[in-house]
file data-v9.pdb (PDB, C-alpha atoms and all ligand atoms)
ATOM      1  CA  MET A  74       0.000   0.000   0.000  1.00  0.00           C
ATOM      2  CA  TYR A  75       1.723   3.153  -1.192  1.00  0.00           C
ATOM      3  CA  PRO A  76       0.766   5.701   0.059  1.00  0.00           C
ATOM      4  CA  ILE A  77      -1.628   5.052   2.955  1.00  0.00           C
ATOM      5  CA  PRO A  78      -4.231   7.448   4.371  1.00  0.00           C
ATOM      6  CA  ILE A  79      -3.151   7.500   7.979  1.00  0.00           C
ATOM      7  CA  ALA A  80      -5.572   7.429  10.929  1.00  0.00           C
ATOM      8  CA  LEU A  81      -5.687   8.133  14.647  1.00  0.00           C
ATOM      9  CA  PHE A  82      -6.958   5.046  16.430  1.00  0.00           C
ATOM     10  CA  GLY A  83      -8.744   5.935  19.672  1.00  0.00           C
ATOM     11  CA  SER A  84      -9.996   4.215  22.787  1.00  0.00           C
ATOM     12  CA  VAL A  85     -10.701   5.106  26.394  1.00  0.00           C
ATOM     13  CA  VAL A  86      -8.180   3.705  28.857  1.00  0.00           C
ATOM     14  CA  LYS A  87      -8.506   4.374  32.588  1.00  0.00           C
ATOM     15  CA  GLU A  88     -11.288   6.886  31.821  1.00  0.00           C
ATOM     16  CA  LYS A  89      -9.064   8.955  29.500  1.00  0.00           C
ATOM     17  CA  PRO A  90      -8.969   9.072  25.700  1.00  0.00           C
ATOM     18  CA  ASN A  91      -5.812   7.703  24.109  1.00  0.00           C
ATOM     19  CA  TYR A  92      -4.849   7.971  20.456  1.00  0.00           C
ATOM     20  CA  SER A  93      -2.280   6.041  18.452  1.00  0.00           C
ATOM     21  CA  LEU A  94      -1.289   6.583  14.808  1.00  0.00           C
ATOM     22  CA  VAL A  95      -2.009   3.684  12.446  1.00  0.00           C
ATOM     23  CA  GLY A  96      -1.335   2.940   8.813  1.00  0.00           C
ATOM     24  CA  ASN A  97      -2.858  -0.500   9.223  1.00  0.00           C
ATOM     25  CA  VAL A  98      -6.447   0.605   8.772  1.00  0.00           C
ATOM     26  CA  GLY A  99      -8.996  -0.242   6.117  1.00  0.00           C
ATOM     27  CA  ILE A 100     -12.455  -1.037   4.877  1.00  0.00           C
ATOM     28  CA  MET A 101     -13.744  -4.614   5.050  1.00  0.00           C
ATOM     29  CA  SER A 102     -17.273  -3.955   3.774  1.00  0.00           C
ATOM     30  CA  LEU A 103     -19.378  -0.954   2.802  1.00  0.00           C
ATOM     31  CA  GLY A 104     -22.652  -2.683   3.710  1.00  0.00           C
ATOM     32  CA  PRO A 105     -22.659  -3.366   6.601  1.00  0.00           C
ATOM     33  CA  ALA A 106     -19.994  -0.684   7.032  1.00  0.00           C
ATOM     34  CA  THR A 107     -17.102  -2.572   8.617  1.00  0.00           C
ATOM     35  CA  MET A 108     -13.499  -1.490   9.176  1.00  0.00           C
ATOM     36  CA  TYR A 109     -10.356  -3.005  10.671  1.00  0.00           C
ATOM     37  CA  ILE A 110      -7.339  -1.776  12.580  1.00  0.00           C
ATOM     38  CA  SER A 111      -4.193  -3.811  13.161  1.00  0.00           C
ATOM     39  CA  SER A 112      -2.304  -2.597  16.223  1.00  0.00           C
ATOM     40  CA  HIS A 113       0.691  -4.181  17.948  1.00  0.00           C
ATOM     41  CA  LYS A 114      -0.383  -6.157  21.000  1.00  0.00           C
ATOM     42  CA  SER A 115       1.873  -4.104  23.273  1.00  0.00           C
ATOM     43  CA  HIS A 116       0.072  -0.839  22.485  1.00  0.00           C
ATOM     44  CA  TYR A 117      -1.771   1.054  25.178  1.00  0.00           C
ATOM     45  CA  THR A 118      -4.773   1.852  22.929  1.00  0.00           C
ATOM     46  CA  ASN A 119      -5.528  -1.887  22.615  1.00  0.00           C
ATOM     47  CA  ILE A 120      -6.218  -2.101  26.369  1.00  0.00           C
ATOM     48  CA  GLY A 121      -9.233   0.205  26.029  1.00  0.00           C
ATOM     49  CA  VAL A 122     -10.491  -1.552  22.910  1.00  0.00           C
ATOM     50  CA  ARG A 123     -10.404  -4.913  24.649  1.00  0.00           C
ATOM     51  CA  GLU A 124     -12.081  -3.579  27.760  1.00  0.00           C
ATOM     52  CA  ASN A 125     -14.885  -1.606  26.083  1.00  0.00           C
ATOM     53  CA  LYS A 126     -15.216  -3.491  22.770  1.00  0.00           C
ATOM     54  CA  THR A 127     -15.284  -0.132  21.005  1.00  0.00           C
ATOM     55  CA  PHE A 128     -12.814   2.107  19.190  1.00  0.00           C
ATOM     56  CA  SER A 129     -12.622   5.156  16.954  1.00  0.00           C
ATOM     57  CA  ILE A 130     -10.903   5.933  13.666  1.00  0.00           C
ATOM     58  CA  ASN A 131     -10.128   9.616  13.059  1.00  0.00           C
ATOM     59  CA  PHE A 132      -8.656  10.939   9.815  1.00  0.00           C
ATOM     60  CA  PRO A 133      -6.339  13.940  10.305  1.00  0.00           C
ATOM     61  CA  SER A 134      -5.727  16.515   7.594  1.00  0.00           C
ATOM     62  CA  SER A 135      -2.165  17.367   6.613  1.00  0.00           C
ATOM     63  CA  ASP A 136      -1.995  20.362   8.991  1.00  0.00           C
ATOM     64  CA  LEU A 137      -2.182  17.927  11.940  1.00  0.00           C
ATOM     65  CA  VAL A 138       1.074  16.196  10.974  1.00  0.00           C
ATOM     66  CA  VAL A 139       2.953  17.179  14.164  1.00  0.00           C
ATOM     67  CA  GLU A 140       0.243  16.077  16.610  1.00  0.00           C
ATOM     68  CA  SER A 141      -0.429  12.897  14.583  1.00  0.00           C
ATOM     69  CA  ASP A 142       3.234  11.867  14.463  1.00  0.00           C
ATOM     70  CA  PHE A 143       3.515  12.539  18.192  1.00  0.00           C
ATOM     71  CA  CYS A 144       0.708   9.997  18.752  1.00  0.00           C
ATOM     72  CA  GLY A 145       2.773   7.555  16.672  1.00  0.00           C
ATOM     73  CA  ILE A 146       5.925   8.093  18.739  1.00  0.00           C
ATOM     74  CA  ALA A 147       4.655   8.445  22.314  1.00  0.00           C
ATOM     75  CA  THR A 148       2.870   5.576  24.056  1.00  0.00           C
ATOM     76  CA  GLY A 149       0.032   5.947  26.532  1.00  0.00           C
ATOM     77  CA  HIS A 150       1.944   3.532  28.789  1.00  0.00           C
ATOM     78  CA  LYS A 151       4.323   6.427  29.564  1.00  0.00           C
ATOM     79  CA  THR A 152       2.733   9.641  28.222  1.00  0.00           C
ATOM     80  CA  ASP A 153      -0.747  11.044  28.781  1.00  0.00           C
ATOM     81  CA  LYS A 154      -1.932  11.828  25.217  1.00  0.00           C
ATOM     82  CA  SER A 155      -5.473  12.746  26.285  1.00  0.00           C
ATOM     83  CA  GLU A 156      -4.880  16.499  25.782  1.00  0.00           C
ATOM     84  CA  VAL A 157      -3.197  16.345  22.366  1.00  0.00           C
ATOM     85  CA  PHE A 158      -6.598  16.793  20.702  1.00  0.00           C
ATOM     86  CA  LYS A 159     -10.033  17.990  21.805  1.00  0.00           C
ATOM     87  CA  THR A 160     -12.230  14.919  22.314  1.00  0.00           C
ATOM     88  CA  PHE A 161     -15.965  14.561  21.757  1.00  0.00           C
ATOM     89  CA  PHE A 162     -18.245  11.538  21.905  1.00  0.00           C
ATOM     90  CA  GLY A 163     -21.152  10.352  19.793  1.00  0.00           C
ATOM     91  CA  ASN A 164     -23.464   7.465  20.743  1.00  0.00           C
ATOM     92  CA  ILE A 165     -20.595   5.316  21.990  1.00  0.00           C
ATOM     93  CA  LYS A 166     -19.199   6.866  25.157  1.00  0.00           C
ATOM     94  CA  THR A 167     -16.007   4.787  24.989  1.00  0.00           C
ATOM     95  CA  ALA A 168     -15.046   5.669  21.384  1.00  0.00           C
ATOM     96  CA  PRO A 169     -13.293   9.069  21.672  1.00  0.00           C
ATOM     97  CA  LEU A 170     -13.593  11.256  18.560  1.00  0.00           C
ATOM     98  CA  ILE A 171     -11.194  14.041  17.637  1.00  0.00           C
ATOM     99  CA  GLU A 172     -12.688  17.499  17.105  1.00  0.00           C
ATOM    100  CA  GLU A 173      -9.755  18.689  14.962  1.00  0.00           C
ATOM    101  CA  CYS A 174     -10.176  15.775  12.497  1.00  0.00           C
ATOM    102  CA  SER A 175     -12.622  16.293   9.642  1.00  0.00           C
ATOM    103  CA  ILE A 176     -13.761  12.659   9.512  1.00  0.00           C
ATOM    104  CA  ASN A 177     -14.459  10.542  12.614  1.00  0.00           C
ATOM    105  CA  ILE A 178     -15.797   7.004  12.797  1.00  0.00           C
ATOM    106  CA  SER A 179     -16.942   5.095  15.873  1.00  0.00           C
ATOM    107  CA  CYS A 180     -17.035   1.289  15.869  1.00  0.00           C
ATOM    108  CA  ASN A 181     -18.228  -1.637  17.957  1.00  0.00           C
ATOM    109  CA  VAL A 182     -15.805  -4.579  17.896  1.00  0.00           C
ATOM    110  CA  ILE A 183     -17.367  -7.609  16.214  1.00  0.00           C
ATOM    111  CA  LYS A 184     -14.220  -9.728  15.934  1.00  0.00           C
ATOM    112  CA  GLU A 185     -10.698  -9.732  17.291  1.00  0.00           C
ATOM    113  CA  PHE A 186      -7.810 -12.003  16.313  1.00  0.00           C
ATOM    114  CA  PRO A 187      -3.993 -12.043  16.337  1.00  0.00           C
ATOM    115  CA  VAL A 188      -1.820 -11.839  13.209  1.00  0.00           C
ATOM    116  CA  GLY A 189       1.793 -12.289  14.220  1.00  0.00           C
ATOM    117  CA  GLY A 190       2.436  -9.728  16.962  1.00  0.00           C
ATOM    118  CA  MET A 191      -0.582  -7.632  16.014  1.00  0.00           C
ATOM    119  CA  ASP A 192      -4.096  -7.488  17.403  1.00  0.00           C
ATOM    120  CA  VAL A 193      -6.585  -7.120  14.566  1.00  0.00           C
ATOM    121  CA  PHE A 194      -9.822  -5.417  15.597  1.00  0.00           C
ATOM    122  CA  VAL A 195     -12.776  -5.627  13.245  1.00  0.00           C
ATOM    123  CA  GLY A 196     -15.344  -2.941  13.947  1.00  0.00           C
ATOM    124  CA  LYS A 197     -18.891  -2.445  12.750  1.00  0.00           C
ATOM    125  CA  VAL A 198     -19.297   1.264  12.094  1.00  0.00           C
ATOM    126  CA  ASP A 199     -21.806   2.859  14.442  1.00  0.00           C
ATOM    127  CA  GLU A 200     -21.508   6.510  13.399  1.00  0.00           C
ATOM    128  CA  THR A 201     -19.519   8.620  10.948  1.00  0.00           C
ATOM    129  CA  PHE A 202     -19.017  12.355  11.479  1.00  0.00           C
ATOM    130  CA  VAL A 203     -17.886  14.608   8.646  1.00  0.00           C
ATOM    131  CA  ASN A 204     -17.113  18.291   8.976  1.00  0.00           C
ATOM    132  CA  GLU A 205     -20.000  19.946   7.076  1.00  0.00           C
ATOM    133  CA  ASP A 206     -17.723  22.532   5.458  1.00  0.00           C
ATOM    134  CA  LEU A 207     -16.069  19.700   3.542  1.00  0.00           C
ATOM    135  CA  VAL A 208     -19.151  18.236   1.921  1.00  0.00           C
ATOM    136  CA  SER A 209     -19.066  20.014  -1.420  1.00  0.00           C
ATOM    137  CA  ASP A 210     -22.075  18.338  -3.083  1.00  0.00           C
ATOM    138  CA  ARG A 211     -23.810  17.937   0.322  1.00  0.00           C
ATOM    139  CA  LYS A 212     -23.305  14.145   0.106  1.00  0.00           C
ATOM    140  CA  ARG A 213     -19.619  13.237   0.042  1.00  0.00           C
ATOM    141  CA  PRO A 214     -16.580  15.101   1.285  1.00  0.00           C
ATOM    142  CA  ASP A 215     -14.319  16.487  -1.425  1.00  0.00           C
ATOM    143  CA  ALA A 216     -10.978  14.693  -1.102  1.00  0.00           C
ATOM    144  CA  LEU A 217      -8.909  17.756  -1.994  1.00  0.00           C
ATOM    145  CA  THR A 218     -10.639  19.849   0.664  1.00  0.00           C
ATOM    146  CA  VAL A 219     -10.388  17.024   3.218  1.00  0.00           C
ATOM    147  CA  ASP A 220      -6.629  17.128   2.523  1.00  0.00           C
ATOM    148  CA  PRO A 221      -5.905  13.776   4.214  1.00  0.00           C
ATOM    149  CA  LEU A 222      -2.536  13.094   5.786  1.00  0.00           C
ATOM    150  CA  LEU A 223      -0.836  10.314   3.824  1.00  0.00           C
ATOM    151  CA  TYR A 224       2.085   8.132   4.833  1.00  0.00           C
ATOM    152  CA  ALA A 225       4.467   6.173   2.625  1.00  0.00           C
ATOM    153  CA  SER A 226       6.952   3.512   3.608  1.00  0.00           C
ATOM    154  CA  ASP A 227       9.789   5.819   2.516  1.00  0.00           C
ATOM    155  CA  LEU A 228       9.182   7.147   6.070  1.00  0.00           C
ATOM    156  CA  HIS A 229       7.607  10.437   4.962  1.00  0.00           C
ATOM    157  CA  TYR A 230       4.187  12.051   5.170  1.00  0.00           C
ATOM    158  CA  TYR A 231       2.485  13.404   2.063  1.00  0.00           C
ATOM    159  CA  LYS A 232      -0.617  15.309   1.004  1.00  0.00           C
ATOM    160  CA  ILE A 233      -2.794  14.889  -2.129  1.00  0.00           C
ATOM    161  CA  GLY A 234      -1.726  16.800  -5.255  1.00  0.00           C
ATOM    162  CA  GLU A 235      -4.546  17.081  -7.791  1.00  0.00           C
ATOM    163  CA  ARG A 236      -7.795  15.455  -8.957  1.00  0.00           C
ATOM    164  CA  ILE A 237      -7.160  13.712 -12.292  1.00  0.00           C
ATOM    165  CA  ALA A 238     -10.258  11.799 -13.420  1.00  0.00           C
ATOM    166  CA  LYS A 239     -13.795  10.649 -12.578  1.00  0.00           C
ATOM    167  CA  ALA A 240     -14.004   7.113 -11.144  1.00  0.00           C
ATOM    168  CA  PHE A 241     -16.317   4.501 -12.697  1.00  0.00           C
ATOM    169  CA  SER A 242     -16.162   6.652 -15.804  1.00  0.00           C
ATOM    170  CA  ILE A 243     -12.672   7.407 -17.194  1.00  0.00           C
ATOM    171  CA  GLY A 244     -12.191   3.678 -17.892  1.00  0.00           C
ATOM    172  CA  LYS A 245     -14.861   3.880 -20.614  1.00  0.00           C
ATOM    173  CA  GLU A 246     -12.328   5.773 -22.719  1.00  0.00           C
ATOM    174  CA  TYR A 247     -10.406   2.518 -22.985  1.00  0.00           C
ATOM    175  CA  GLU A 248     -13.225   0.882 -24.958  1.00  0.00           C
ATOM    176  CA  LYS A 249     -13.518   3.909 -27.252  1.00  0.00           C
ATOM    177  CA  LYS A 250      -9.846   3.548 -28.144  1.00  0.00           C
ATOM    178  CA  GLU A 251     -10.428   0.009 -29.534  1.00  0.00           C
TER
HETATM  179  C1  LIG B   1       3.497   6.682  10.472  1.00  0.00           C
HETATM  180  C2  LIG B   1       3.211   5.688  11.565  1.00  0.00           C
HETATM  181  C3  LIG B   1       2.354   4.620  11.329  1.00  0.00           C
HETATM  182  C4  LIG B   1       2.097   3.674  12.319  1.00  0.00           C
HETATM  183  N1  LIG B   1       1.249   2.618  12.053  1.00  0.00           N
HETATM  184  C5  LIG B   1       1.038   1.689  13.000  1.00  0.00           C
HETATM  185  C6  LIG B   1       0.142   0.603  12.757  1.00  0.00           C
HETATM  186  O1  LIG B   1      -0.500   0.505  11.709  1.00  0.00           O
HETATM  187  N2  LIG B   1       0.000  -0.330  13.726  1.00  0.00           N
HETATM  188  C7  LIG B   1       0.671  -0.257  14.912  1.00  0.00           C
HETATM  189  O2  LIG B   1       0.515  -1.140  15.751  1.00  0.00           O
HETATM  190  N3  LIG B   1       1.488   0.790  15.204  1.00  0.00           N
HETATM  191  C8  LIG B   1       1.665   1.755  14.278  1.00  0.00           C
HETATM  192  N4  LIG B   1       2.494   2.825  14.546  1.00  0.00           N
HETATM  193  C9  LIG B   1       3.133   2.916  15.869  1.00  0.00           C
HETATM  194  C10 LIG B   1       2.197   3.419  16.968  1.00  0.00           C
HETATM  195  O3  LIG B   1       1.460   4.554  16.555  1.00  0.00           O
HETATM  196  C11 LIG B   1       3.029   3.788  18.217  1.00  0.00           C
HETATM  197  O4  LIG B   1       3.738   2.647  18.660  1.00  0.00           O
HETATM  198  C12 LIG B   1       2.249   4.416  19.337  1.00  0.00           C
HETATM  199  O5  LIG B   1       3.176   4.945  20.258  1.00  0.00           O
HETATM  200  C13 LIG B   1       1.318   3.446  20.087  1.00  0.00           C
HETATM  201  O6  LIG B   1       0.623   4.197  21.038  1.00  0.00           O
HETATM  202  P1  LIG B   1      -0.101   3.567  22.300  1.00  0.00           P
HETATM  203  O7  LIG B   1       0.865   2.648  23.007  1.00  0.00           O
HETATM  204  O8  LIG B   1      -0.470   4.779  23.142  1.00  0.00           O
HETATM  205  O9  LIG B   1      -1.308   2.820  21.790  1.00  0.00           O
HETATM  206  C14 LIG B   1       2.720   3.802  13.592  1.00  0.00           C
HETATM  207  C15 LIG B   1       3.544   4.909  13.848  1.00  0.00           C
HETATM  208  C16 LIG B   1       3.785   5.855  12.853  1.00  0.00           C
HETATM  209  C17 LIG B   1       4.685   7.039  13.141  1.00  0.00           C
END
call {"tool": "encode", "arguments": {"input": "data-v9.pdb", "output": "structure tokens"}}
result
Amino acid sequence: MYPIPIALFGSVVKEKPNYSLVGNVGIMSLGPATMYISSHKSHYTNIGVRENKTFSINFPSSDLVVESDFCGIATGHKTDKSEVFKTFFGNIKTAPLIEECSINISCNVIKEFPVGGMDVFVGKVDETFVNEDLVSDRKRPDALTVDPLLYASDLHYYKIGERIAKAFSIGKEYEKKE
């Protein structure tokens, strides 16, 4: 995967929100909306997920690169990360959502299994919050305005450059060529 939209993985541990940065995040199904996170078993965030059976996925924009990277360097085992971002809650009171992030998702864990040293958490999406300013056609957020923080395994963060074509559409040009 190159590059990866990076996410802040949240849980409540000892009554405080904790966030860790993850590249291992993805969609498993759109209906029912189901996502996964793969987080090393030693990570502090996993404690809250196991205890509450809930977690959050928050997508930072590129201007949150410093705070996001900090959550990927510091561990809740040693550092209180609860004040790095402003937290709010939706229906699930143990899935902390980040006010500064334009897209927030809360999940209920429906499956959990190990892969090597990682804990894989599969979550059924309960709620998705999108900053209204970003919804250009009132239905879907515009990716350029969302300006997601991307990570690549060359150990750098990136941001999106330009929109180049319409999906489910540009491919039709291939047939015309024949
Ligand atoms: C760019 C980046 C991506 C990361 N992706 C993952 C990941 O997908 N899974 C994981 O377990 N750790 C990942 N990490 C490491 C954790 O974010 C890091 O170990 C963090 O301190 C764990 O926090 P916690 O112990 O408070 O949960 C990543 C770190 C960075 C900087």
call {"tool": "residues_near_ligand", "arguments": {"input": "data-v9.pdb", "ligand": "ligand LIG 1 (chain B)", "cutoff": "9 Å", "atoms": "only C-alpha atoms and all ligand atoms", "output": "tab-separated table (two decimals) with C-alpha atoms, in the frame of the given file"}}
result
chain	number	residue	atom	x	y	z
A	79	ILE	CA	-3.15	7.50	7.98
A	80	ALA	CA	-5.57	7.43	10.93
A	81	LEU	CA	-5.69	8.13	14.65
A	82	PHE	CA	-6.96	5.05	16.43
A	83	GLY	CA	-8.74	5.94	19.67
A	84	SER	CA	-10.00	4.22	22.79
A	91	ASN	CA	-5.81	7.70	24.11
A	92	TYR	CA	-4.85	7.97	20.46
A	93	SER	CA	-2.28	6.04	18.45
A	94	LEU	CA	-1.29	6.58	14.81
A	95	VAL	CA	-2.01	3.68	12.45
A	96	GLY	CA	-1.34	2.94	8.81
A	97	ASN	CA	-2.86	-0.50	9.22
A	98	VAL	CA	-6.45	0.60	8.77
A	110	ILE	CA	-7.34	-1.78	12.58
A	111	SER	CA	-4.19	-3.81	13.16
A	112	SER	CA	-2.30	-2.60	16.22
A	113	HIS	CA	0.69	-4.18	17.95
A	114	LYS	CA	-0.38	-6.16	21.00
A	115	SER	CA	1.87	-4.10	23.27
A	116	HIS	CA	0.07	-0.84	22.48
A	117	TYR	CA	-1.77	1.05	25.18
A	118	THR	CA	-4.77	1.85	22.93
A	119	ASN	CA	-5.53	-1.89	22.62
A	120	ILE	CA	-6.22	-2.10	26.37
A	141	SER	CA	-0.43	12.90	14.58
A	142	ASP	CA	3.23	11.87	14.46
A	143	PHE	CA	3.52	12.54	18.19
A	144	CYS	CA	0.71	10.00	18.75
A	145	GLY	CA	2.77	7.56	16.67
A	146	ILE	CA	5.92	8.09	18.74
A	147	ALA	CA	4.66	8.44	22.31
A	148	THR	CA	2.87	5.58	24.06
A	149	GLY	CA	0.03	5.95	26.53
A	150	HIS	CA	1.94	3.53	28.79
A	151	LYS	CA	4.32	6.43	29.56
A	152	THR	CA	2.73	9.64	28.22
A	153	ASP	CA	-0.75	11.04	28.78
A	154	LYS	CA	-1.93	11.83	25.22
A	190	GLY	CA	2.44	-9.73	16.96
A	191	MET	CA	-0.58	-7.63	16.01
A	192	ASP	CA	-4.10	-7.49	17.40
A	223	LEU	CA	-0.84	10.31	3.82
A	224	TYR	CA	2.08	8.13	4.83
A	225	ALA	CA	4.47	6.17	2.62
A	226	SER	CA	6.95	3.51	3.61
A	228	LEU	CA	9.18	7.15	6.07
A	229	HIS	CA	7.61	10.44	4.96
A	230	TYR	CA	4.19	12.05	5.17
call {"tool": "closest_residue", "arguments": {"input": "data-v9.pdb", "among": "A:Met74, A:Pro221, A:Glu172, A:Phe202", "to": "A:Glu156", "atoms": "all atoms listed in the file"}}
result
A:Glu172
call {"tool": "residues_around", "arguments": {"input": "data-v9.pdb", "residues": "A:Glu235", "least_positions_apart": "6", "cutoff": "12 Å", "atoms": "only C-alpha atoms", "output": "list in words"}}
result
Asp215, Ala216, Leu217, Thr218 and Asp220 of chain A
call {"tool": "residues_around", "arguments": {"input": "data-v9.pdb", "residues": "A:Asn204", "least_positions_apart": "6", "cutoff": "10 Å", "atoms": "all atoms listed in the file", "output": "PDB file with C-alpha atoms, in the coordinates of the input"}}
result
ATOM      1  CA  GLU A 172     -12.688  17.499  17.105  1.00  0.00           C
ATOM      2  CA  GLU A 173      -9.755  18.689  14.962  1.00  0.00           C
ATOM      3  CA  CYS A 174     -10.176  15.775  12.497  1.00  0.00           C
ATOM      4  CA  SER A 175     -12.622  16.293   9.642  1.00  0.00           C
ATOM      5  CA  ILE A 176     -13.761  12.659   9.512  1.00  0.00           C
ATOM      6  CA  ASN A 177     -14.459  10.542  12.614  1.00  0.00           C
ATOM      7  CA  PRO A 214     -16.580  15.101   1.285  1.00  0.00           C
ATOM      8  CA  VAL A 219     -10.388  17.024   3.218  1.00  0.00           C
TER       9      VAL A 219
END
call {"tool": "atom_distance", "arguments": {"input": "data-v9.pdb", "atom1": "atom CA of A:Thr167", "atom2": "atom CA of A:Arg123"}}
result
11.2 Å
call {"tool": "closest_residue", "arguments": {"input": "data-v9.pdb", "among": "A:Asn181, A:Thr107, A:Asn164, A:Ser102", "to": "A:Asn125", "atoms": "all atoms listed in the file"}}
result
A:Asn181
